[in-house]
>>> print(open('model_34.cif').read())   # mmCIF, C-alpha atoms
data_data
#
loop_
_atom_site.label_atom_id
_atom_site.label_comp_id
_atom_site.auth_asym_id
_atom_site.auth_seq_id
_atom_site.Cartn_x
_atom_site.Cartn_y
_atom_site.Cartn_z
CA MET A 1 245.53 188.50 64.43
CA THR A 2 245.19 192.24 64.89
CA CYS A 3 246.70 194.29 67.69
CA ASP A 4 243.23 194.78 69.23
CA GLU A 5 242.63 191.03 69.27
CA ALA A 6 246.06 190.39 70.73
CA ARG A 7 245.58 192.97 73.48
CA LEU A 8 242.17 191.62 74.34
CA LEU A 9 243.65 188.16 74.86
CA ILE A 10 246.64 189.51 76.79
CA GLY A 11 244.51 191.77 78.95
CA ALA A 12 242.06 189.00 79.70
CA ASP A 13 244.77 186.52 80.70
CA PRO A 14 248.38 187.69 80.49
CA GLY A 15 249.69 184.22 81.27
CA ALA A 16 247.86 182.47 78.46
CA THR A 17 249.22 182.06 74.98
CA THR A 18 248.28 180.62 71.63
CA PRO A 19 250.32 180.02 68.48
CA ALA A 20 248.50 182.86 66.73
CA LEU A 21 249.28 185.24 69.59
CA GLU A 22 252.93 184.25 69.67
CA GLU A 23 253.15 184.79 65.91
CA HIS A 24 251.69 188.28 66.30
CA LEU A 25 253.98 189.18 69.19
CA ALA A 26 257.02 188.13 67.26
CA ALA A 27 256.15 190.74 64.66
CA CYS A 28 254.73 193.49 66.94
CA ALA A 29 257.04 195.06 69.48
CA ALA A 30 254.27 197.25 70.95
CA CYS A 31 252.06 194.27 71.74
CA ALA A 32 255.04 192.34 73.10
CA ARG A 33 255.79 195.24 75.43
CA PHE A 34 252.12 195.35 76.40
CA ARG A 35 252.26 191.69 77.39
CA ASP A 36 255.39 192.24 79.49
CA GLU A 37 253.66 195.06 81.32
CA MET A 38 250.51 193.06 81.84
CA ARG A 39 252.39 190.03 83.15
CA SER A 40 254.18 192.25 85.62
CA LEU A 41 250.90 193.87 86.62
CA ASP A 42 249.29 190.46 86.95
CA ALA A 43 251.94 189.33 89.39
CA ASP A 44 251.11 192.37 91.50
CA ILE A 45 247.39 191.67 91.21
CA ARG A 46 248.00 188.14 92.39
CA ARG A 47 249.96 189.42 95.40
CA ALA A 48 247.34 192.06 96.12
CA LEU A 49 244.52 189.51 96.08
CA GLU A 50 246.29 187.38 98.66
CA ARG A 51 245.17 189.78 101.35
CA PRO A 52 242.02 191.89 101.14
CA PRO A 53 242.35 195.36 102.65
CA ASP A 54 241.40 195.59 106.31
CA ILE A 55 238.52 197.91 105.96
CA ALA A 56 235.46 198.34 108.10
CA ARG A 57 232.15 199.79 107.13
CA PRO A 58 230.94 202.67 109.23
CA ARG A 59 227.85 201.71 111.21
CA SER A 60 225.71 204.44 109.78
CA GLY A 61 227.60 206.35 107.19
CA ARG A 62 229.53 209.48 108.07
CA GLN A 63 229.34 210.70 111.63
CA PRO A 64 227.31 213.89 111.65
CA PRO A 65 228.80 216.93 113.40
CA ALA A 66 228.13 217.19 117.12
CA TRP A 67 226.05 220.35 116.75
CA ARG A 68 223.75 218.55 114.37
CA GLN A 69 223.16 215.79 116.88
CA TRP A 70 222.32 218.35 119.57
CA ALA A 71 220.08 220.23 117.17
CA LEU A 72 218.33 217.01 116.26
CA ALA A 73 217.83 216.11 119.92
CA ALA A 74 216.50 219.58 120.69
CA SER A 75 214.11 219.52 117.77
CA VAL A 76 212.81 216.12 118.86
CA VAL A 77 212.19 217.44 122.38
CA LEU A 78 210.47 220.57 121.05
CA ALA A 79 208.34 218.58 118.65
CA THR A 80 207.33 216.24 121.45
CA LEU A 81 206.41 219.15 123.72
CA ALA A 82 204.50 220.83 120.89
CA VAL A 83 202.51 217.71 120.15
CA LEU A 84 201.87 217.16 123.84
CA GLY A 85 200.76 220.76 124.24
CA VAL A 86 198.45 220.60 121.28
CA TRP A 87 197.03 217.34 122.50
CA LEU A 88 196.39 218.69 125.97
CA LEU A 89 195.17 222.14 125.05
CA ARG A 90 193.57 221.84 121.68
CA PRO A 91 189.99 220.73 122.59
CA SER A 92 189.20 223.44 125.13
CA ASP A 93 191.15 226.15 123.27
CA THR A 94 189.31 225.42 120.09
CA LEU A 95 186.01 225.17 121.88
CA ALA A 96 186.59 228.52 123.60
CA ARG A 97 187.45 230.20 120.29
CA GLU A 98 184.35 228.82 118.66
CA VAL A 99 182.19 229.95 121.57
CA VAL A 100 183.66 233.46 121.32
CA ALA A 101 183.22 233.46 117.54
CA HIS A 102 179.60 232.41 117.94
CA VAL A 103 178.84 235.15 120.45
CA GLN A 104 180.60 237.71 118.25
CA ALA A 105 178.35 236.66 115.41
CA GLU A 106 175.28 237.60 117.47
CA PRO A 107 176.20 241.05 118.85
CA GLN A 108 172.55 241.95 119.26
CA SER A 109 172.28 239.36 122.00
CA TRP A 110 174.03 241.73 124.43
CA LEU A 111 171.66 244.57 123.64
CA ALA A 112 168.31 243.02 124.64
CA THR A 113 166.50 245.09 127.22
CA GLN A 114 163.36 243.03 127.73
CA HIS A 115 163.11 239.62 129.25
CA VAL A 116 162.23 236.65 127.10
CA SER A 117 158.78 235.10 127.34
CA ALA A 118 158.29 231.63 128.75
CA GLN A 119 157.45 230.47 125.22
CA GLY A 120 160.70 231.91 123.95
CA ILE A 121 162.66 230.11 126.62
CA THR A 122 160.89 226.85 125.84
CA HIS A 123 161.74 227.33 122.18
CA ALA A 124 165.41 227.97 122.99
CA LEU A 125 165.62 224.86 125.18
CA ARG A 126 163.85 222.72 122.59
CA GLY A 127 165.77 219.51 122.07
CA ALA A 128 168.57 220.53 124.42
CA GLY A 129 167.47 218.18 127.18
CA VAL A 130 167.79 220.72 129.96
CA ALA A 131 165.56 222.60 132.33
CA LEU A 132 166.46 225.86 134.06
CA ASP A 133 166.01 227.11 137.59
CA ILE A 134 166.53 230.66 136.42
CA THR A 135 163.53 232.89 136.67
CA SER A 136 162.37 234.01 133.28
CA ASP A 137 162.56 237.66 134.16
CA LYS A 138 166.35 237.44 134.22
CA ILE A 139 166.71 235.94 130.77
CA MET A 140 167.14 238.73 128.24
CA TYR A 141 167.96 236.64 125.19
CA ALA A 142 167.22 233.00 124.35
CA GLN A 143 167.89 231.29 121.05
CA SER A 144 168.42 227.76 119.90
CA CYS A 145 171.68 228.04 117.92
CA TRP A 146 173.46 225.65 115.61
CA PHE A 147 176.84 225.00 117.17
CA ARG A 148 179.27 222.19 116.35
CA GLY A 149 176.63 220.04 114.74
CA HIS A 150 173.91 220.47 117.35
CA TYR A 151 171.28 222.99 118.42
CA VAL A 152 172.30 224.47 121.76
CA PRO A 153 170.58 226.99 124.04
CA HIS A 154 172.17 230.42 123.76
CA LEU A 155 171.04 232.60 126.64
CA VAL A 156 171.89 236.04 127.95
CA VAL A 157 171.18 236.33 131.66
CA GLN A 158 170.97 239.60 133.48
CA THR A 159 173.21 239.62 136.56
CA ALA A 160 174.52 242.13 139.06
CA ARG A 161 177.57 242.67 136.87
CA GLY A 162 175.58 243.06 133.71
CA PRO A 163 174.50 240.72 130.93
CA VAL A 164 176.23 237.36 130.80
CA THR A 165 176.03 234.88 127.95
CA VAL A 166 175.46 231.21 128.66
CA LEU A 167 175.81 228.41 126.15
CA ILE A 168 174.65 225.01 127.30
CA LEU A 169 176.80 222.44 125.49
CA ARG A 170 175.44 218.99 126.12
CA HIS A 171 177.69 217.41 123.48
CA GLU A 172 181.00 219.08 124.43
CA GLN A 173 182.95 217.31 127.11
CA VAL A 174 185.75 219.14 128.92
CA ARG A 175 188.00 217.62 131.52
CA ALA A 176 188.46 220.69 133.67
CA ARG A 177 187.45 224.29 134.09
CA ARG A 178 188.99 226.48 131.40
CA THR A 179 189.03 230.27 131.52
CA PHE A 180 189.86 232.48 128.56
CA HIS A 181 190.08 236.13 127.53
CA GLU A 182 189.50 236.88 123.90
CA ALA A 183 187.97 239.58 121.73
CA GLY A 184 187.21 241.79 124.72
CA MET A 185 185.37 239.03 126.50
CA THR A 186 186.10 236.94 129.55
CA GLY A 187 184.81 233.42 129.66
CA VAL A 188 184.88 230.14 131.42
CA ILE A 189 183.88 226.69 130.29
CA VAL A 190 183.05 224.32 133.10
CA PRO A 191 182.32 220.61 133.01
CA ALA A 192 178.74 219.78 133.77
CA GLU A 193 176.75 216.70 134.61
CA GLN A 194 176.41 216.06 130.90
CA GLY A 195 178.61 218.05 128.58
CA SER A 196 179.69 221.51 129.60
CA ILE A 197 178.51 225.07 130.12
CA ALA A 198 180.19 228.17 128.67
CA VAL A 199 179.73 231.49 130.45
CA LEU A 200 180.95 234.76 128.90
CA ALA A 201 180.85 238.41 129.90
CA ARG A 202 182.14 241.50 128.20
CA GLY A 203 185.27 242.98 129.73
CA ALA A 204 187.27 241.51 132.58
CA GLY A 205 185.88 240.00 135.70
CA ASP A 206 185.44 236.90 137.75
CA LEU A 207 182.88 234.47 136.36
CA GLU A 208 183.64 231.61 138.68
CA GLU A 209 180.71 232.23 140.97
CA LEU A 210 178.31 232.66 138.09
CA ALA A 211 179.58 229.53 136.39
CA GLY A 212 179.07 227.62 139.61
CA GLN A 213 175.57 228.99 139.85
CA MET A 214 174.81 227.90 136.27
CA GLN A 215 176.06 224.42 137.03
CA HIS A 216 173.52 224.39 139.82
CA ASP A 217 170.68 225.97 137.84
CA VAL A 218 170.88 223.79 134.76
CA HIS A 219 169.16 220.44 135.12
CA TRP A 220 170.00 217.72 132.65
CA LEU A 221 167.01 215.72 131.55
CA PRO A 222 167.44 211.98 131.00
CA ASP A 223 167.38 210.39 127.53
CA ALA A 224 167.65 213.69 125.77
CA ARG A 225 170.49 212.73 123.40
CA MET B 226 226.51 183.24 112.68
CA ARG B 227 223.42 183.14 110.49
CA ASN B 228 222.70 179.48 110.41
CA SER B 229 223.81 176.15 111.67
CA GLU B 230 222.79 172.57 111.40
CA PRO B 231 222.85 170.94 114.80
CA GLY B 232 224.95 167.86 114.85
CA SER B 233 226.76 168.53 111.63
CA PRO B 234 230.50 168.97 111.87
CA VAL B 235 230.19 172.10 109.77
CA SER B 236 227.93 173.69 112.34
CA SER B 237 231.07 174.47 114.27
CA ILE B 238 232.86 175.90 111.30
CA GLY B 239 233.08 179.25 113.07
CA GLY B 240 235.40 177.44 115.45
CA ARG B 241 237.10 174.29 114.32
CA LEU B 242 235.72 171.06 112.92
CA PRO B 243 235.76 167.96 115.04
CA ALA B 244 237.60 165.22 113.20
CA ALA B 245 236.66 162.12 115.17
CA ASP B 246 233.79 160.72 113.10
CA ALA B 247 233.15 159.03 109.79
CA ASP B 248 233.06 162.31 107.94
CA ALA B 249 236.29 163.55 109.41
CA PRO B 250 238.23 163.50 106.11
CA ILE B 251 235.68 165.64 104.30
CA THR B 252 235.33 168.05 107.21
CA ARG B 253 239.10 168.39 107.39
CA LEU B 254 239.16 169.04 103.66
CA PHE B 255 236.48 171.73 103.96
CA GLU B 256 238.25 173.24 106.93
CA SER B 257 241.52 173.41 105.04
CA MET B 258 239.77 175.41 102.33
CA ARG B 259 238.29 177.91 104.74
CA PRO B 260 240.99 180.60 104.49
CA ASP B 261 240.77 180.50 100.68
CA LEU B 262 236.99 180.67 100.77
CA LEU B 263 237.02 183.53 103.22
CA ARG B 264 239.49 185.52 101.13
CA PHE B 265 237.44 184.86 98.01
CA ALA B 266 234.18 185.86 99.73
CA HIS B 267 235.84 188.95 101.17
CA TRP B 268 236.85 190.17 97.71
CA LEU B 269 233.33 189.61 96.45
CA ALA B 270 231.45 191.08 99.42
CA ARG B 271 234.04 193.74 100.32
CA ASP B 272 233.19 193.18 103.96
CA ARG B 273 234.85 190.76 106.34
CA ALA B 274 231.78 190.08 108.51
CA ILE B 275 229.55 189.44 105.53
CA ALA B 276 232.23 187.25 104.01
CA GLU B 277 232.28 185.12 107.15
CA ASP B 278 228.51 184.74 106.98
CA ILE B 279 228.71 183.76 103.33
CA VAL B 280 231.38 181.14 104.00
CA GLN B 281 229.46 179.73 106.93
CA GLU B 282 226.33 179.36 104.83
CA ALA B 283 228.27 177.97 101.89
CA LEU B 284 229.99 175.35 104.03
CA LEU B 285 226.64 174.27 105.41
CA ARG B 286 225.29 173.88 101.90
CA ALA B 287 228.41 172.01 100.89
CA TRP B 288 228.10 169.72 103.88
CA ARG B 289 224.51 168.87 103.06
CA SER B 290 225.52 168.13 99.47
CA ARG B 291 228.83 166.44 100.30
CA ASP B 292 227.79 163.26 98.51
CA ALA B 293 227.83 165.24 95.25
CA LEU B 294 231.56 165.79 95.60
CA LYS B 295 232.90 162.63 93.95
CA ASP B 296 236.47 163.79 93.54
CA PRO B 297 238.09 165.45 96.58
CA SER B 298 240.65 167.07 94.29
CA ALA B 299 237.78 169.12 92.80
CA ALA B 300 236.73 170.37 96.22
CA ARG B 301 238.29 173.81 95.86
CA PRO B 302 236.51 174.99 92.68
CA TRP B 303 233.35 173.24 93.92
CA LEU B 304 233.42 175.16 97.20
CA LEU B 305 234.38 178.43 95.50
CA THR B 306 231.38 178.06 93.22
CA ILE B 307 229.11 177.51 96.21
CA VAL B 308 230.56 180.59 97.89
CA ARG B 309 230.04 182.69 94.77
CA ARG B 310 226.43 181.55 94.46
CA GLU B 311 225.83 182.14 98.15
CA HIS B 312 227.18 185.66 97.73
CA ALA B 313 224.84 186.26 94.81
CA ARG B 314 221.94 184.79 96.76
CA LEU B 315 222.67 186.95 99.78
CA TYR B 316 222.63 190.10 97.71
CA GLU B 317 219.46 189.09 95.93
CA ARG B 318 217.76 188.17 99.18
CA LYS B 319 218.88 190.99 101.41
CA ARG B 320 219.69 193.69 98.89
CA LEU B 321 222.54 194.66 101.13
CA GLU B 322 223.28 198.29 101.54
CA LEU B 323 225.89 199.45 99.10
CA VAL B 324 228.47 201.56 100.85
CA SER B 325 230.87 203.74 98.95
CA LEU B 326 234.40 202.61 99.62
CA ASP B 327 235.28 206.26 100.03
CA GLU B 328 233.36 206.08 103.30
CA VAL B 329 234.85 202.94 104.74
CA VAL B 330 237.43 203.17 107.43
CA GLU B 331 240.90 201.91 106.72
CA THR B 332 242.01 200.00 109.77
CA GLN B 333 245.62 199.70 108.72
CA ALA B 334 248.18 202.37 108.05
CA SER B 335 248.15 203.49 104.43
CA PRO B 336 251.65 203.81 102.97
CA ARG B 337 252.25 206.27 100.18
CA PHE B 338 252.24 204.85 96.70
CA SER B 339 256.00 205.38 96.37
CA GLU B 340 256.78 203.72 99.70
CA PRO B 341 257.46 199.99 100.01
CA GLY B 342 254.10 198.26 99.91
CA GLY B 343 252.41 201.42 98.71
CA GLU B 344 251.81 200.07 95.23
CA LEU B 345 250.17 196.90 96.54
CA PHE B 346 248.08 198.94 98.96
CA ALA B 347 246.82 201.11 96.12
CA LEU B 348 246.21 198.07 93.97
CA ARG B 349 244.18 196.32 96.66
CA HIS B 350 241.95 199.34 97.00
CA ALA B 351 241.68 199.73 93.25
CA ILE B 352 240.51 196.13 92.98
CA MET B 353 238.00 196.70 95.76
CA ARG B 354 236.65 199.68 93.86
CA LEU B 355 236.18 197.73 90.63
CA PRO B 356 232.53 197.25 89.80
CA ILE B 357 231.34 193.75 90.63
CA GLU B 358 231.00 192.84 86.94
CA TYR B 359 234.77 193.32 86.56
CA ARG B 360 235.90 192.32 90.04
CA GLU B 361 234.05 189.01 90.08
CA PRO B 362 235.59 187.44 86.95
CA LEU B 363 239.02 188.75 87.92
CA VAL B 364 238.81 187.18 91.38
CA LEU B 365 237.42 183.96 89.94
CA GLN B 366 240.30 183.79 87.50
CA VAL B 367 243.22 184.86 89.67
CA LEU B 368 242.19 183.57 93.09
CA GLY B 369 239.89 180.77 92.00
CA GLY B 370 241.93 179.49 89.07
CA PHE B 371 238.85 179.31 86.88
CA SER B 372 239.31 179.22 83.11
CA THR B 373 237.54 181.66 80.82
CA GLU B 374 235.03 178.97 79.86
CA GLU B 375 234.34 178.08 83.49
CA ILE B 376 233.80 181.72 84.39
CA ALA B 377 231.50 182.13 81.41
CA ARG B 378 229.47 179.15 82.53
CA GLU B 379 229.28 180.34 86.11
CA LEU B 380 228.30 183.90 85.20
CA ALA B 381 226.04 182.89 82.30
CA LEU B 382 228.07 184.95 79.85
CA SER B 383 229.73 184.23 76.54
CA ALA B 384 233.46 183.50 76.63
CA THR B 385 234.02 186.68 74.63
CA ALA B 386 232.11 188.72 77.20
CA VAL B 387 234.28 187.26 79.94
CA LEU B 388 237.43 188.15 78.00
CA THR B 389 236.17 191.68 77.60
CA ARG B 390 235.42 192.06 81.30
CA LEU B 391 238.79 190.65 82.30
CA PHE B 392 240.56 192.93 79.82
CA ARG B 393 238.72 195.98 81.16
CA ALA B 394 239.39 195.05 84.77
CA ARG B 395 243.11 194.87 84.15
CA ASN B 396 243.07 197.93 81.96
CA LYS B 397 241.58 199.96 84.84
CA LEU B 398 244.24 198.61 87.18
CA ARG B 399 246.97 199.52 84.67
CA VAL B 400 246.08 203.16 85.10
CA ILE B 401 246.23 202.87 88.89
CA CYS B 402 249.75 201.54 88.53
CA GLY B 403 250.81 204.45 86.37
CA LEU B 404 250.64 202.67 83.02
CA THR B 405 248.85 203.98 79.97
CA ALA B 406 245.43 202.49 79.43
CA ALA B 407 245.16 200.33 76.33
CA PRO B 408 242.46 201.28 73.80
CA ASP B 409 239.17 199.80 74.92
CA VAL B 410 237.63 196.87 73.11
CA PRO B 411 234.06 196.85 71.80
CA ALA B 412 231.59 195.51 74.31
CA ARG B 413 230.65 191.89 73.70
CA GLU B 414 228.27 191.06 76.45
CA ASN B 415 225.89 188.76 74.64
CA PRO B 416 225.21 185.56 76.52
CA PRO B 417 226.16 182.36 74.71
#
>>> encode(input="model_34.cif", output="structure tokens")
Amino acid sequence: MTCDEARLLIGADPGATTPALEEHLAACAACARFRDEMRSLDADIRRALERPPDIARPRSGRQPPAWRQWALAASVVLATLAVLGVWLLRPSDTLAREVVAHVQAEPQSWLATQHVSAQGITHALRGAGVALDITSDKIMYAQSCWFRGHYVPHLVVQTARGPVTVLILRHEQVRARRTFHEAGMTGVIVPAEQGSIAVLARGAGDLEELAGQMQHDVHWLPDAR
Amino acid sequence: MRNSEPGSPVSSIGGRLPAADADAPITRLFESMRPDLLRFAHWLARDRAIAEDIVQEALLRAWRSRDALKDPSAARPWLLTIVRREHARLYERKRLELVSLDEVVETQASPRFSEPGGELFALRHAIMRLPIEYREPLVLQVLGGFSTEEIARELALSATAVLTRLFRARNKLRVICGLTAAPDVPARENPP
């Protein structure tokens, strides 16, 4: 038996013995000392195993610092408010931006000086499912424009405060009146009988009265969707 | 308590077993083993609450299979084996979260190594920190009284592999106790 074999047997079970092991130990002082040490250690192991340590697992790992908990709570509140804000504001904000962008893309619409013919108005209202109470001599610009997946009437109406753009948005629902100021324009989007109506003017000014008038002057035709 | 079998004496193992029925001797025998089983399960699971669950489940299994225990004198190794298998099953089934023992909270005062009891304290924690492949055969051997062959059978290892694991377990503990580690032995982990 070699020293390695003897130490394997001793280490595996210090209390066990075999004739071959005893023969080796009688001739090897180092292995004999190793067995003495291991028997002593084994007695301690036996005593140690009699009582497991009284330990408790933490419920969720290390406790994070207090500031981190506050920061986490604050970020949750902010995230919630941000999501809520986006949810509440996003449709009309986005719609207003797209209306402004559309009007910006047709700058010539503000510059018309002659009223649109009845045929031109009919063409602009084609497929929109609306009729207008506005006299044709006040309409300076009328186009049927592609907007958000539909053709919508894009009109410029001459008023006492100058030209005002009107977009009749049958397919855009808004819950409440929404005013906006962007790109040098003032606008309002108001809910209508079906869809909504956007009214824009250059510069600042009150469009409430005009928007109310447009709500009155636009007639929604049935079965036009 | 994870489980219980209504009407069985063992269903009240979390409390105490009623003795006044035909199975009273066996329930008393099981009950007398409970501290041993709990200690054994605690060393395997390293968590008192989980150990209690394991023992509860194991005693229920043992109760259902009590007819298989022909010799009451063999009850202890029989129950220890059931506890060990229940522990293995629990970890396979639940894949319990492994928590570093560096993060657990010591609920008793920790004496210094040189103080009375300090060596045992350090040894207990060193045993707890042994990987399961070393801790399990050591606990089976020292607490359970299992022979090398019995451990090999239970763990589906060769006897040589068990010897190697036991040697390495003790060799790691030697170092904790300030002794020089013996030269390692070649790994012999082949199953029989």
>>> residues_near_point(input="model_34.cif", point="(236.2, 162.4, 103.5)", cutoff="12 Å", atoms="only C-alpha atoms", output="number ranges by chain")
B: 244-256, 288, 291-292, 294-298, 300
>>> resolve_selection(input="model_34.cif", expression="the PyMOL selection byres ((chain A and resi 146-160) around 8)", output="PyMOL selection string")
chain A and resi 102+109-110+124-125+127-128+138-145+161-171
>>> atom_distance(input="model_34.cif", atom1="atom CA of B:Ala299", atom2="atom CA of B:Val364")
18.1 Å
>>> axis_aligned_box(input="model_34.cif", around="stretch 352-364 of chain B", padding_each_side="3 Å", output="AutoDock Vina command-line options")
--center_x 235.8 --center_y 193.4 --center_z 91.2 --size_x 15.5 --size_y 18.5 --size_z 15.2
>>> atom_distance(input="model_34.cif", atom1="atom CA of B:Thr306", atom2="atom CA of B:Leu391")
18.2 Å
>>> atom_distance(input="model_34.cif", atom1="atom CA of A:Ala26", atom2="atom CA of A:Thr2")
12.7 Å
>>> interface_residues(input="model_34.cif", of="chain B", to="chain A", cutoff="9 Å", atoms="all atoms listed in the file", output="ChimeraX atom specification")
/B:264-265,267-268,271-273,324,326,328-333,344-346,348-350,352-353,363-364,366-368,373,387-396,398-399,402,404,407-410
>>> resolve_selection(input="model_34.cif", expression="the PyMOL selection byres ((chain A and resi 176-183) around 10)", output="MDAnalysis selection string")
chainID A and resid 89 92:93 96:97 100:101 104 173:175 184:192 196:208 211
>>> closest_residue(input="model_34.cif", among="B:Leu305, B:Val280, B:Ala347, B:Ala266", to="B:Gly369", atoms="all atoms listed in the file")
B:Leu305
